[in-house]
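The structure under discussion appears below in the form of structure tokens.
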Amino acid sequence: MLVDLVQNTIEGLANGSAYALIALGFTLIFGVVGRLNLAYGATIMIGLYAGIFVHAEWQAGWMVVAATTLLGSVAAGIYVERLCFAPMRQGAAITAMVASFAIWMQLEEVATLGLPRHSYPFPPLVTGPAIEIGPFLLRREHLFMLVVALVVMVALEWLVRASRFGLALRAIAENPRAARFVGHNVERSLFLAFMLASAVGGVAGWLIASTDQQVTAMFGMWATFKGLVAAMLGGLGSLSGAVIGGLLLGVVEAYALWTFGPQVRDLSAYLILFLLLVLRPGGLLGQVHALRDADTRRRL
Amino acid sequence: MTALLTVSDVVTSYGKIMALRGVSLRAQKGQVTCLLGPNGAGKTTLMMTISGLIKPQAGSIRFLDRNIAGASASSIVKAGMALVPENRLVFRDMSVMENMDAGAITRRDRDKVAEDRERLLQRFPRLRERSKQQAGTLSGGEQQMLAIARALMSNPTLLMMDEPSVGLAPLVVQEIFEVIAELKKDGVSIFLVEQNVHMALKVADHFYLMDHGRIAFDGAPDAIAEDEVISRAYLGERREAH
């Protein structure tokens, strides 16, 4: 019983670190721009499909596949930013969100038209038998993913808290008008933040795909839903919240799977999201008070 | 005398509403130039147009012998013009220190930035006391000092101030104007938009009266009596509302 509990927690944390990585990109965009990018999962999927393509066509090794995935995600991210977010910066947040939904559908169609099979193999990165710790098993890929999620979180946290670029991002996030008044190039900073988030998404997608060793056409939808739920659990806009939310989601899903079976797994994710939104609408580490600021309210 | 800033026949509209109907004025080096006028005269629109936050439809704006009409706000700050915006607009969730650093975002000379920060903290000792505090916890007057310090962090040739006294207690207003007078003594050129005619005329070298998107009068502060200025600016003959 206890062994099962611990083993399921390990599995949950492993899946959760994948959710955490995706949630980091979501929360970064929301934190700075104050808008939801529903095309985020599809952005990552484009990167993965670019990776699949070079792998299938030229038998490219993992390094080339990783680089292609990253570049593909960033390119797709730029496309989304130029189309949905740059032209609608002055308009209502809902406009950009709906536009990003349209681009999601478009990107997914493009990907599945280009590579129409249901699933494609993806080259693994870390192989070898699972690590045994007493009675427990831990896959190497999962351990690697957890470490990368934590490293990315710490790096982003440092960037936002301590760097010059982060100072500009925080100023823009808090009051874009004032930031412009004191000479910040708001458009350029938002563009760079979007590229950064897409790159984080590319890393996340590549790690997940190389762990699963395959990619399906459902990846975009899966990534958007899991990432969004994880980011909301932790509190949209909070980087450490994204990681905590991701890990929590993974563990809850693992317990639900273990106790009630696979049908309840996804249900449990939405159930805890619902409960959290009722009890703590800002998420675990979220800042509901951001909405009190007049400028933020106008922007939302 | 050299004009730092020369605005000629500037027209700015919001959709069909013309807010500036051909405005011309100058700000001289080392002086305090003051812009007075009632609400809705177009003072803030003029400030925003000069600072590159709104694009003018027509006219030219020359700053340090360069036409900046239509240039981006960040390039104008880089060129040496800083804005203290109306209502201060400090970054409330960031510390006092971070607010000041945000004002230096266009600069690349890090050592000089640190020097300037030190100098400004000396000038505004209350900001030093509260350097780690969130700007939102400061009093209105302290926030105004911070907004001024933040603008000065870009090391400007010309400081644009949009109604720095608005919403502050009389004693604090006095303090703000003392700072303006000190800055002037240090050779900072200032373009000041104000509602407080009495205080503004005391510190100004030259003033403009604005009404309905046009310059209605300009002269030295002693050109006409203060109550005359007030009646022209706020009580004067009004055309029908737009």
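Ordering of the structure tokens sets the chain letters (A, B, ...), residue numbers begin anew at 1 in every chain, and ligands are numbered from 1 in the order given.
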>> Please check the contacts: residues of chain A at most 6 Å away from chain B, using only C-alpha atoms, listed as an NGL selection string.
In response: :A and (178 or 182-185)
Do a neighbour search on Val32 of chain B at 9 Å with only C-alpha atoms, toss out local chain neighbours closer than 4 positions, and write the hits as a PDB file with C-alpha atoms, in the first residue's frame.
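Once written, out.pdb looks like this:
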```pdb
ATOM      1  CA  ALA B  27      11.460  75.834 -24.770  1.00  0.00           C
ATOM      2  CA  GLN B  28      14.816  77.517 -24.157  1.00  0.00           C
ATOM      3  CA  ILE B 180      11.739  72.384  -9.650  1.00  0.00           C
ATOM      4  CA  ALA B 181      13.557  75.582  -8.681  1.00  0.00           C
ATOM      5  CA  LYS B 184      16.560  74.806 -12.704  1.00  0.00           C
ATOM      6  CA  VAL B 188      18.104  71.314 -16.057  1.00  0.00           C
ATOM      7  CA  SER B 189      15.728  72.705 -18.677  1.00  0.00           C
ATOM      8  CA  ILE B 190      12.105  72.125 -17.776  1.00  0.00           C
ATOM      9  CA  PHE B 191       8.847  72.178 -19.674  1.00  0.00           C
ATOM     10  CA  LEU B 192       6.072  72.339 -17.129  1.00  0.00           C
ATOM     11  CA  VAL B 203       9.145  79.486 -11.182  1.00  0.00           C
ATOM     12  CA  ALA B 204       8.635  80.097 -14.924  1.00  0.00           C
ATOM     13  CA  ASP B 205      10.934  82.073 -17.224  1.00  0.00           C
ATOM     14  CA  HIS B 206       8.359  82.094 -19.972  1.00  0.00           C
ATOM     15  CA  PHE B 207       4.802  80.880 -20.154  1.00  0.00           C
TER      16      PHE B 207
END
```
> Neighbours of Phe63 of chain B within 9 Å (only C-alpha atoms; same-chain residues fewer than 4 positions away dropped), as an MDAnalysis selection string?
Replying inline: chainID B and resid 3:7 67:68 76 79:81
Given the selection you just returned, output its residues as a file containing C-alpha atoms, formatted as a JSON list (two decimals), in the first residue's frame.
```
[["chain", "number", "residue", "atom", "x", "y", "z"],
["B", 3, "ALA", "CA", 15.84, 76.79, -28.33],
["B", 4, "LEU", "CA", 16.02, 73.20, -27.10],
["B", 5, "LEU", "CA", 12.57, 72.42, -28.32],
["B", 6, "THR", "CA", 10.71, 74.06, -31.17],
["B", 7, "VAL", "CA", 7.16, 73.00, -31.86],
["B", 67, "ASN", "CA", 12.91, 66.48, -36.12],
["B", 68, "ILE", "CA", 11.28, 64.12, -33.65],
["B", 76, "ILE", "CA", 12.96, 60.42, -27.84],
["B", 79, "ALA", "CA", 17.68, 61.62, -27.40],
["B", 80, "GLY", "CA", 17.43, 63.33, -24.00],
["B", 81, "MET", "CA", 13.82, 64.16, -23.21]]
```
>> Excluding Glu142 of chain B and its own-chain neighbours fewer than 4 positions away, which residues fall within 9 Å of it when counting only C-alpha atoms? Please give them as a list in words.
In response: Arg126, Leu127, Ala135, Leu138, Leu146 and Ala147 of chain B
Kindly export the residues of the current selection with N, CA and C atoms, as a compact mmCIF listing (two decimals), in the first residue's frame.
```
# COMPACT_ATOMS: atom_id res chain seq x y z
N ARG B 126 14.41 61.07 1.23
CA ARG B 126 13.30 60.20 1.65
C ARG B 126 13.18 58.97 0.75
N LEU B 127 13.61 59.11 -0.49
CA LEU B 127 13.61 57.95 -1.38
C LEU B 127 14.66 56.95 -0.95
N ALA B 135 6.74 50.99 -4.21
CA ALA B 135 6.39 52.38 -4.51
C ALA B 135 4.93 52.68 -4.17
N LEU B 138 4.21 54.46 -0.82
CA LEU B 138 4.67 55.83 -0.56
C LEU B 138 3.49 56.80 -0.54
N LEU B 146 9.46 60.40 -6.59
CA LEU B 146 9.97 59.20 -7.25
C LEU B 146 9.78 59.32 -8.76
N ALA B 147 8.62 59.83 -9.18
CA ALA B 147 8.37 59.98 -10.62
C ALA B 147 9.38 60.94 -11.23
```
> Quick one: residues within 10 Å of segment 37-40 of chain B, only C-alpha atoms counted, chain neighbours fewer than 5 positions away excluded, as a PyMOL selection string?
Replying inline: chain B and resi 19+45+193-197+208-213+215-216+229-230+232-236
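The residue that comes closest to Leu156 of chain A, out of A:Ile172, A:Ala197, A:Ala230, A:Leu2 and on the basis of only C-alpha atoms, is A:Ala197.
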